[in-house]
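Listing of run_15.txt; format and content: compact mmCIF, C-alpha atoms and all ligand atoms.
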# COMPACT_ATOMS: atom_id res chain seq x y z
CA MET A 1 8.16 64.90 -34.17
CA ALA A 2 9.41 62.27 -36.56
CA ARG A 3 6.75 60.42 -38.46
CA ILE A 4 6.10 57.75 -41.03
CA VAL A 5 4.46 59.39 -44.01
CA GLY A 6 3.88 56.30 -46.11
CA GLY A 7 5.14 53.01 -47.42
CA ALA A 8 5.37 50.74 -50.40
CA ALA A 9 6.70 47.36 -51.47
CA GLY A 10 8.11 45.93 -54.65
CA PRO A 11 10.47 43.41 -56.22
CA HIS A 12 14.23 43.47 -55.92
CA SER A 13 15.31 40.91 -58.52
CA PRO A 14 18.48 41.98 -60.35
CA VAL A 15 16.45 41.41 -63.53
CA VAL A 16 14.44 44.53 -62.66
CA TYR A 17 17.68 46.50 -62.81
CA LYS A 18 18.92 45.00 -66.04
CA LEU A 19 17.93 41.92 -68.06
CA PRO A 20 20.79 39.41 -67.86
CA TRP A 21 19.67 37.58 -70.98
CA GLU A 22 17.52 38.25 -74.02
CA GLU A 23 13.76 38.36 -73.51
CA SER A 24 10.79 38.98 -75.82
CA GLY A 25 9.57 42.46 -76.67
CA ASP A 26 6.53 41.86 -74.47
CA TYR A 27 8.75 40.96 -71.52
CA VAL A 28 10.79 44.11 -71.99
CA ALA A 29 7.64 46.26 -72.20
CA GLU A 30 6.11 44.70 -69.09
CA MET A 31 9.36 45.13 -67.19
CA GLU A 32 9.30 48.82 -68.09
CA LYS A 33 5.94 49.05 -66.32
CA VAL A 34 7.43 47.54 -63.17
CA ARG A 35 10.27 50.05 -63.28
CA GLY A 36 7.74 52.79 -63.97
CA ALA A 37 5.75 51.85 -60.86
CA LEU A 38 8.93 52.00 -58.74
CA LYS A 39 9.75 55.40 -60.24
CA GLU A 40 6.21 56.53 -59.48
CA ILE A 41 6.81 55.65 -55.82
CA GLY A 42 9.88 57.85 -55.99
CA ARG A 43 7.93 60.67 -57.58
CA ARG A 44 5.37 60.58 -54.77
CA ILE A 45 8.14 60.42 -52.16
CA GLY A 46 9.75 63.47 -53.71
CA GLU A 47 6.45 65.35 -53.55
CA SER A 48 5.98 64.66 -49.85
CA ASN A 49 9.48 65.82 -48.90
CA VAL A 50 10.55 62.52 -47.38
CA ASP A 51 14.07 62.79 -45.95
CA THR A 52 14.60 59.15 -44.95
CA ILE A 53 13.70 55.79 -46.47
CA LEU A 54 13.83 52.75 -44.22
CA VAL A 55 14.20 49.57 -46.27
CA PHE A 56 13.33 46.10 -45.00
CA GLY A 57 15.20 43.58 -47.11
CA ALA A 58 16.83 40.18 -46.79
CA ASP A 59 20.48 39.53 -47.35
CA HIS A 60 21.00 36.79 -49.97
CA VAL A 61 24.25 35.46 -48.47
CA GLN A 62 26.07 38.36 -50.08
CA SER A 63 26.69 40.85 -47.28
CA PHE A 64 26.76 38.20 -44.57
CA TRP A 65 28.32 34.81 -44.41
CA PHE A 66 27.37 31.73 -42.41
CA GLY A 67 30.17 32.73 -40.04
CA CYS A 68 27.63 35.21 -38.69
CA PHE A 69 24.19 35.42 -40.22
CA PRO A 70 21.83 37.91 -38.53
CA GLN A 71 18.05 37.46 -38.39
CA MET A 72 17.61 41.20 -37.89
CA MET A 73 20.21 43.89 -38.29
CA LEU A 74 20.19 47.65 -38.51
CA PHE A 75 22.90 49.59 -40.25
CA THR A 76 24.18 52.33 -37.96
CA GLY A 77 27.20 53.53 -39.96
CA GLU A 78 27.35 56.89 -41.73
CA GLU A 79 27.03 55.63 -45.30
CA ALA A 80 27.15 52.43 -47.30
CA ASP A 81 27.83 51.14 -50.79
CA TYR A 82 24.96 49.56 -52.69
CA SER A 83 25.77 46.95 -55.31
CA ILE A 84 24.06 44.54 -57.67
CA GLY A 85 25.74 41.18 -58.15
CA GLY A 86 28.67 42.60 -56.22
CA ASN A 87 29.13 45.55 -58.62
CA LYS A 88 28.89 48.89 -56.90
CA ILE A 89 26.00 51.04 -58.19
CA MET A 90 25.75 53.85 -55.65
CA ARG A 91 26.78 55.08 -52.25
CA LEU A 92 24.04 56.39 -49.97
CA LYS A 93 24.01 58.24 -46.69
CA ASN A 94 22.36 56.64 -43.70
CA ASN A 95 20.19 58.50 -41.22
CA ARG A 96 22.56 57.37 -38.50
CA GLU A 97 20.94 59.21 -35.62
CA LEU A 98 17.51 57.79 -36.36
CA ALA A 99 18.99 54.34 -36.99
CA GLU A 100 20.62 54.45 -33.55
CA GLU A 101 17.36 55.54 -31.98
CA LEU A 102 15.64 52.61 -33.67
CA LEU A 103 18.34 50.20 -32.51
CA PHE A 104 18.09 51.25 -28.88
CA GLY A 105 14.32 51.51 -29.03
CA LEU A 106 13.84 48.11 -30.62
CA VAL A 107 16.07 46.35 -28.10
CA GLU A 108 14.12 48.15 -25.36
CA GLU A 109 10.94 46.75 -26.94
CA GLU A 110 12.55 43.29 -26.79
CA PHE A 111 13.52 42.96 -30.44
CA ASP A 112 17.13 41.86 -30.13
CA VAL A 113 18.33 43.51 -33.31
CA GLY A 114 22.00 43.40 -34.22
CA PHE A 115 23.83 46.40 -35.60
CA SER A 116 26.52 47.07 -38.17
CA GLN A 117 28.60 50.25 -38.22
CA GLU A 118 30.61 49.15 -41.22
CA ILE A 119 29.63 46.88 -44.06
CA ASP A 120 31.23 46.09 -47.41
CA PHE A 121 27.97 46.63 -49.32
CA PHE A 122 24.29 45.93 -49.46
CA ASP A 123 23.29 44.06 -52.58
CA HIS A 124 20.23 43.82 -54.84
CA PRO A 125 17.55 43.32 -52.13
CA PHE A 126 18.23 46.94 -51.22
CA THR A 127 19.85 48.39 -54.32
CA VAL A 128 17.40 47.42 -57.08
CA PRO A 129 14.21 49.09 -55.79
CA LEU A 130 16.20 52.04 -54.41
CA TYR A 131 17.83 52.57 -57.79
CA TRP A 132 14.47 53.20 -59.51
CA ILE A 133 12.75 54.88 -56.58
CA LEU A 134 15.54 57.41 -56.08
CA GLN A 135 15.57 58.04 -59.81
CA GLY A 136 11.85 58.81 -59.61
CA ALA A 137 12.40 61.03 -56.58
CA ASP A 138 14.99 62.98 -58.49
CA ASN A 139 16.73 63.52 -55.19
CA ARG A 140 19.81 61.62 -54.13
CA ASP A 141 19.96 63.44 -50.80
CA ILE A 142 17.36 61.18 -49.29
CA LYS A 143 18.96 59.13 -46.53
CA VAL A 144 18.49 55.38 -46.42
CA ILE A 145 18.34 53.10 -43.39
CA PRO A 146 18.85 49.48 -44.48
CA PHE A 147 17.24 46.90 -42.21
CA GLN A 148 18.26 43.28 -42.72
CA LEU A 149 15.37 40.93 -42.04
CA ASN A 150 16.19 37.29 -42.70
CA THR A 151 13.47 35.66 -44.79
CA ASN A 152 15.73 33.68 -47.07
CA VAL A 153 17.84 31.25 -45.03
CA HIS A 154 15.97 28.93 -42.69
CA PRO A 155 15.19 29.29 -39.80
CA ARG A 156 13.68 32.70 -40.53
CA VAL A 157 11.81 35.54 -38.90
CA LYS A 158 8.13 34.60 -38.79
CA LEU A 159 5.54 36.87 -40.34
CA GLN A 160 3.85 37.57 -37.00
CA ARG A 161 7.17 38.83 -35.75
CA CYS A 162 7.77 40.89 -38.89
CA TYR A 163 4.43 42.59 -38.38
CA LYS A 164 5.12 43.34 -34.71
CA LEU A 165 8.57 44.60 -35.62
CA GLY A 166 6.98 47.04 -38.04
CA GLN A 167 4.60 48.23 -35.32
CA SER A 168 7.52 48.80 -32.94
CA VAL A 169 9.40 50.74 -35.59
CA ARG A 170 6.33 52.92 -35.96
CA ARG A 171 6.02 53.54 -32.19
CA ILE A 172 9.70 54.46 -31.88
CA ILE A 173 9.59 56.86 -34.81
CA GLU A 174 6.37 58.48 -33.57
CA ASN A 175 7.89 58.97 -30.12
CA SER A 176 11.11 60.41 -31.47
CA ARG A 177 11.85 64.08 -30.93
CA ARG A 178 13.53 64.23 -34.28
CA ASN A 179 11.87 65.86 -37.27
CA ASP A 180 12.39 63.15 -39.86
CA LYS A 181 9.77 62.31 -42.45
CA VAL A 182 10.23 58.61 -43.01
CA PHE A 183 9.04 56.39 -45.83
CA ILE A 184 9.08 52.59 -45.43
CA ILE A 185 9.82 50.06 -48.15
CA GLY A 186 9.58 46.27 -48.10
CA THR A 187 11.42 44.45 -50.88
CA GLY A 188 11.18 41.07 -52.59
CA GLY A 189 8.63 38.73 -54.10
CA LEU A 190 6.16 37.94 -55.11
CA SER A 191 6.11 34.31 -56.29
CA HIS A 192 9.49 33.10 -57.57
CA TYR A 193 11.93 30.27 -56.88
CA PRO A 194 15.42 31.65 -57.54
CA GLY A 195 18.34 29.24 -57.55
CA THR A 196 16.12 26.19 -57.11
CA PRO A 197 14.84 23.47 -59.47
CA TYR A 198 11.39 25.07 -59.14
CA TYR A 199 12.63 28.13 -61.03
CA GLY A 200 10.32 28.92 -63.92
CA ASN A 201 7.15 28.44 -61.88
CA VAL A 202 5.02 31.32 -60.66
CA ASP A 203 2.14 30.67 -58.28
CA GLU A 204 -0.21 33.34 -59.54
CA GLU A 205 -3.15 32.07 -57.50
CA ALA A 206 -1.15 32.48 -54.28
CA ASP A 207 -0.03 35.94 -55.39
CA MET A 208 -3.64 36.97 -56.01
CA PHE A 209 -4.58 35.69 -52.57
CA ILE A 210 -1.88 37.89 -51.02
CA VAL A 211 -2.65 40.88 -53.21
CA GLU A 212 -6.37 40.77 -52.33
CA LYS A 213 -5.66 40.64 -48.60
CA LEU A 214 -3.31 43.60 -48.94
CA ARG A 215 -5.77 45.52 -51.08
CA GLU A 216 -8.40 45.20 -48.37
CA GLY A 217 -5.97 46.09 -45.59
CA ARG A 218 -6.26 42.61 -44.05
CA VAL A 219 -2.53 42.27 -43.48
CA ARG A 220 -2.86 40.58 -40.10
CA GLU A 221 -4.57 37.63 -41.77
CA LEU A 222 -1.43 37.06 -43.81
CA THR A 223 0.75 36.84 -40.72
CA ASP A 224 -0.50 33.31 -39.97
CA LEU A 225 1.22 32.02 -43.11
CA GLY A 226 4.16 29.76 -42.30
CA TYR A 227 7.38 29.25 -44.22
CA ASP A 228 6.24 25.92 -45.62
CA TRP A 229 3.37 27.69 -47.41
CA LEU A 230 5.50 30.71 -48.26
CA ASP A 231 8.24 28.54 -49.77
CA ALA A 232 5.77 26.31 -51.61
CA THR A 233 4.25 29.38 -53.28
CA GLY A 234 7.56 31.17 -53.87
CA ASN A 235 6.57 33.90 -51.45
CA HIS A 236 9.41 33.45 -48.97
CA GLU A 237 10.20 37.18 -49.06
CA LEU A 238 6.78 38.33 -47.92
CA GLY A 239 8.13 39.13 -44.43
CA SER A 240 9.74 42.35 -45.64
CA TRP A 241 6.40 43.47 -47.08
CA ILE A 242 4.62 42.58 -43.84
CA ALA A 243 7.15 44.51 -41.73
CA ALA A 244 6.69 47.55 -43.97
CA ALA A 245 2.89 47.21 -43.82
CA GLY A 246 3.09 46.97 -40.02
CA ALA A 247 5.22 50.09 -39.79
CA VAL A 248 2.86 52.03 -42.05
CA ASP A 249 -0.19 50.69 -40.19
CA VAL A 250 -1.73 50.11 -43.58
CA LYS A 251 -5.45 50.66 -44.03
CA SER A 252 -5.64 49.50 -47.63
CA THR A 253 -3.25 48.89 -50.49
CA GLU A 254 -3.04 50.23 -54.00
CA VAL A 255 -1.74 47.59 -56.39
CA MET A 256 0.35 49.66 -58.78
CA THR A 257 1.25 46.74 -60.99
CA TYR A 258 1.12 42.96 -61.10
CA TRP A 259 2.68 40.97 -63.89
CA LYS A 260 3.07 37.22 -64.05
CA ALA A 261 6.29 36.77 -65.97
CA TRP A 262 7.60 33.27 -66.70
CA ASN A 263 10.08 33.51 -63.83
CA ASN A 264 8.51 35.87 -61.27
CA GLY A 265 5.27 37.42 -60.12
CA TYR A 266 6.32 41.07 -60.25
CA CYS A 267 4.23 43.25 -58.00
CA VAL A 268 4.56 46.84 -56.82
CA VAL A 269 2.20 48.15 -54.16
CA TRP A 270 1.56 51.39 -52.35
CA PHE A 271 0.39 51.20 -48.75
CA ASN A 272 -2.39 53.66 -47.96
CA VAL A 273 -1.98 55.17 -44.51
CA MET B 274 4.95 20.67 -46.84
CA VAL B 275 8.40 21.67 -47.96
CA ILE B 276 10.99 24.18 -46.83
CA ILE B 277 12.86 25.30 -49.95
CA PHE B 278 15.26 27.92 -48.55
CA ARG B 279 16.72 25.53 -46.01
CA TYR B 280 19.26 25.70 -43.24
CA PRO B 281 22.71 25.14 -44.78
CA PRO B 282 24.14 21.71 -43.94
CA LEU B 283 27.38 22.16 -42.01
CA LYS B 284 29.11 19.42 -44.01
CA HIS B 285 29.06 21.69 -47.08
CA ILE B 286 30.45 24.78 -45.37
CA ARG B 287 33.66 24.68 -47.50
CA LEU B 288 31.62 24.53 -50.70
CA HIS B 289 29.35 27.35 -49.47
CA LYS B 290 32.41 29.41 -48.64
CA LEU B 291 33.80 28.87 -52.13
CA GLY B 292 30.56 30.15 -53.71
CA TYR B 293 30.40 33.10 -51.34
CA SER B 294 34.02 34.00 -52.13
CA ILE B 295 33.49 33.66 -55.88
CA PHE B 296 30.61 36.13 -55.57
CA ARG B 297 32.51 38.63 -53.45
CA ASP B 298 36.13 38.38 -54.40
CA PRO B 299 37.12 39.10 -58.03
CA ASP B 300 40.55 37.61 -57.34
CA VAL B 301 39.12 34.24 -56.28
CA ARG B 302 36.75 34.40 -59.25
CA GLU B 303 39.56 34.99 -61.73
CA ARG B 304 41.84 32.38 -60.22
CA PHE B 305 38.96 29.89 -60.26
CA LYS B 306 38.41 30.47 -63.98
CA GLN B 307 42.08 29.82 -64.64
CA ASP B 308 42.58 26.82 -62.41
CA PRO B 309 39.41 25.64 -60.70
CA TYR B 310 41.00 22.57 -59.10
CA LYS B 311 43.72 24.62 -57.43
CA VAL B 312 41.17 27.00 -55.91
CA MET B 313 38.87 24.16 -54.85
CA ASP B 314 41.85 22.55 -53.09
CA GLU B 315 42.57 25.82 -51.29
CA PHE B 316 39.00 25.83 -49.99
CA GLY B 317 39.30 22.19 -48.91
CA LEU B 318 36.54 20.72 -51.06
CA THR B 319 36.02 16.96 -51.08
CA GLU B 320 36.40 15.02 -54.35
CA GLU B 321 32.60 14.74 -54.61
CA GLU B 322 32.17 18.46 -54.09
CA LYS B 323 34.76 19.20 -56.78
CA GLN B 324 32.89 16.99 -59.24
CA LEU B 325 29.66 18.69 -58.29
CA VAL B 326 31.07 22.16 -58.94
CA MET B 327 32.54 21.13 -62.31
CA SER B 328 29.22 19.54 -63.35
CA ARG B 329 27.51 22.96 -63.01
CA ASP B 330 24.43 20.94 -62.06
CA GLY B 331 22.43 23.40 -59.97
CA VAL B 332 19.57 20.94 -59.56
CA LYS B 333 21.85 18.32 -58.02
CA MET B 334 23.43 21.00 -55.84
CA TYR B 335 20.01 22.02 -54.59
CA ASP B 336 19.07 18.42 -53.85
CA LEU B 337 22.25 18.05 -51.78
CA GLY B 338 21.28 21.06 -49.67
CA ILE B 339 23.39 23.81 -51.23
CA GLN B 340 21.91 27.26 -50.56
CA PRO B 341 20.08 28.56 -53.68
CA TYR B 342 21.91 31.91 -53.67
CA ILE B 343 25.27 30.18 -53.43
CA ILE B 344 24.24 28.00 -56.39
CA PHE B 345 24.02 31.18 -58.52
CA ALA B 346 27.65 31.93 -57.78
CA LEU B 347 28.79 28.35 -58.38
CA VAL B 348 27.05 27.71 -61.69
CA TRP B 349 27.12 31.19 -63.17
CA GLN B 350 29.71 33.59 -61.76
CA ALA B 351 32.33 30.89 -61.33
CA PHE B 352 32.28 30.21 -65.07
CA GLY B 353 31.34 33.65 -66.36
CA ASP B 354 28.24 32.60 -68.27
CA TRP B 355 24.83 31.00 -67.81
CA PRO B 356 24.44 27.36 -68.78
CA SER B 357 22.59 27.10 -72.11
CA ARG B 358 18.79 26.78 -72.17
CA GLU B 359 19.12 23.18 -73.43
CA LYS B 360 21.41 22.35 -70.52
CA ILE B 361 18.99 23.98 -68.08
CA LYS B 362 16.16 21.84 -69.45
CA GLN B 363 18.30 18.69 -69.30
CA LEU B 364 19.19 19.36 -65.68
CA GLY B 365 15.54 19.33 -64.67
CA TYR B 366 14.65 22.92 -63.91
CA GLY B 367 10.96 23.75 -63.92
CA ARG B 368 10.20 21.02 -61.36
CA SER B 369 6.54 21.01 -60.26
CA ILE B 370 5.98 23.15 -57.20
CA PRO B 371 5.12 21.48 -53.88
CA GLN B 372 1.51 20.98 -52.75
CA ARG B 373 -0.11 23.94 -51.08
CA THR B 374 -3.65 24.96 -50.21
CA ILE B 375 -5.13 28.42 -50.39
CA GLU B 376 -7.71 29.05 -47.68
CA ARG B 377 -9.90 32.03 -48.34
FE FE C 1 15.25 37.93 -53.41
Starting from the file, lay out its structure as structure tokens.
Amino acid sequence: MARIVGGAAGPHSPVVYKLPWEESGDYVAEMEKVRGALKEIGRRIGESNVDTILVFGADHVQSFWFGCFPQMMLFTGEEADYSIGGNKIMRLKNNRELAEELLFGLVEEEFDVGFSQEIDFFDHPFTVPLYWILQGADNRDIKVIPFQLNTNVHPRVKLQRCYKLGQSVRRIIENSRRNDKVFIIGTGGLSHYPGTPYYGNVDEEADMFIVEKLREGRVRELTDLGYDWLDATGNHELGSWIAAAGAVDVKSTEVMTYWKAWNNGYCVVWFNV
Amino acid sequence: MVIIFRYPPLKHIRLHKLGYSIFRDPDVRERFKQDPYKVMDEFGLTEEEKQLVMSRDGVKMYDLGIQPYIIFALVWQAFGDWPSREKIKQLGYGRSIPQRTIER
């Protein structure tokens, strides 16, 4: 039987991959801790013999165009390129069979998820955390199922729906006859305002509110948050975290790191099953 | 309350497409650097949109409804560098965040 063995969430900003401009020594040191936490996730994944990582992330108008912009989309091709800022970083195999099972299962459960069998690339919302996590896992054979979940171009998938989606993903995987050991990742956040005049603010109080709820396993209470609140606090990408938490059926959360930088609340968490 | 990552206004679809293409297509990016007006004409930008792109004013772009991720491409990748920190300050980045309440 396939099963979900765990889950985690963390930031995906390209800055976590590489600093695009000069920062202070303190900034560099703190960023190393964020990368270290992502690598630690990878190390734990490696130890538990995970063969597949399912990643909930939001396209940032890089893979998709307004000619066709999916709210939810599963990649069902054999493999895909992963880039950062359009520059190819790695090519990863998909778990196509499981992805297809999820696609059919989710539509059966009335989540009308689109599919893609061929895509030019997935960008930083997928690539950045995977880059460090796979490095920590020391195993590039792990297959990756990318799941596009629109949290970044309004109108967006509501948090309630993200949570239920995660629960459906869990049911389908648990009912699968396959033998996969699946790990779930949600990417993005926490508070930041990229590309907007609000850039440079970080709503630490809102982040702490979210982090405390997660810590106590009270994820459902977060699903009432609407996009006006999420946008106002720079937490528009929380949906990916919520979907991952729903899939893991999280009981409590380990906060591996939180750092309020000048431009982002960087947080990496581990969901306790 | 405020929605920050808004629905893209249809009237700016040509401008959005230019930013998207600059991000994805190295050829468009290079040609833009060499002759921005020629490329902007190809994409069918209005005179106002052309001025907006050349101003590299991401704050103004945002206020006109341009998608934040497209703004990255238009102010940064299109020109190959970030605007200076002084320019960023002048443009009005660091705007106070909207009102929100935290209910415990
Ligand atoms: Fe993002």
Using only C-alpha atoms and all ligand atoms, what does the table of chain B residues within 12 Å of ligand FE 1 (chain C) look like, with each row giving the shortest atom pair and its distance in Å to one decimal, sorted by chain and ascending number, as CSV?
residue,atom,partner,partner_atom,distance
B:Phe278,CA,C:FE1,FE,11.1
B:Pro341,CA,C:FE1,FE,10.5
B:Tyr342,CA,C:FE1,FE,9.0
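The residue that comes closest to B:Tyr366, out of A:Val15, A:Ala244, A:Gly217, A:Pro194 and on the basis of only C-alpha atoms, is A:Pro194.
With only C-alpha atoms taken into account, chain A has A:His60, A:Val61, A:Gln62, A:Trp65, A:Gly85, A:Gly86, A:Asn152, A:Val153, A:His154, A:Pro155, A:Pro194, A:Gly195, A:Thr196, A:Pro197, A:Tyr198, A:Tyr199, A:Gly200, A:Asn201, A:Ala206, A:Phe209, A:Tyr227, A:Asp228, A:Trp229, A:Asp231, A:Ala232, A:Thr233 at most 8 Å from chain B.
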Please define a box with edges along x, y and z of the file around all atoms of stretch 316-333 of chain B given in the file, extend it by 3 Å on each side, and return its centre and edge lengths in Å to one decimal, as lines of an AutoDock Vina configuration file.
center_x = 29.4
center_y = 20.3
center_z = -56.1
size_x = 25.7
size_y = 17.1
size_z = 20.4
Atom-to-atom span, atom CA of A:Ile142 and atom CA of A:Asn95, Å: 9.0 Å
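Minimum distance to A:Glu254 across A:Val211, A:Ile172, A:Leu225, A:Ile133 (counting all atoms listed in the file) occurs at A:Val211.
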Nearest candidate to A:Thr223 (options A:Phe122, A:Trp241, A:Tyr163, A:Trp259; using only C-alpha atoms): A:Tyr163
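Taking all atoms listed in the file, the non-local environment of A:Lys143 within 8 Å (same-chain residues fewer than 6 positions away omitted) comprises Asp51, Thr52, Ile53, Leu92, Lys93, Asn94 and Asn95 of chain A.
The space separating atom CA of A:Lys251 from atom CA of A:Ile184 comes to 14.7 Å.
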Atom-to-atom span, atom CA of A:Ser240 and atom CA of A:Ile185, Å: 8.1 Å
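The residue that comes closest to A:Leu238, out of A:Trp21, A:Tyr258, A:Phe56, A:Tyr27 and on the basis of all atoms listed in the file, is A:Phe56.
Residues with any atom within 7 Å of stretch 33-41 of chain A, counting only C-alpha atoms and excluding same-chain neighbours fewer than 2 positions away, are A:Val16, A:Ala29, A:Glu30, A:Met31, A:Arg43, A:Arg44, A:Ile45, A:Pro129, A:Trp132, A:Ile133, A:Gln135, A:Gly136, A:Met256, A:Thr257, A:Val268.
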All residues 8 Å or closer to A:Ile4, only C-alpha atoms, same chain fewer than 6 positions away omitted, as a PyMOL selection string: chain A and resi 170+173-174+181-184+247-248
Selected residues written out, C-alpha atoms, as a CSV table (one decimal), keeping the file's coordinate frame:
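Output saved as out.csv:
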chain,number,residue,atom,x,y,z
A,170,ARG,CA,6.3,52.9,-36.0
A,173,ILE,CA,9.6,56.9,-34.8
A,174,GLU,CA,6.4,58.5,-33.6
A,181,LYS,CA,9.8,62.3,-42.4
A,182,VAL,CA,10.2,58.6,-43.0
A,183,PHE,CA,9.0,56.4,-45.8
A,184,ILE,CA,9.1,52.6,-45.4
A,247,ALA,CA,5.2,50.1,-39.8
A,248,VAL,CA,2.9,52.0,-42.0
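Minimum atom-to-atom distances from A:Val202, A:Glu237, A:Val219, A:Glu47 to A:Phe271 were compared using all atoms listed in the file, and the lowest value belongs to A:Val219.
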Sel. within 9 Å of pt (2.0, 35.3, -40.7), counting only C-alpha atoms, output as a PyMOL selection string: chain A and resi 158-163+219-227+239+242
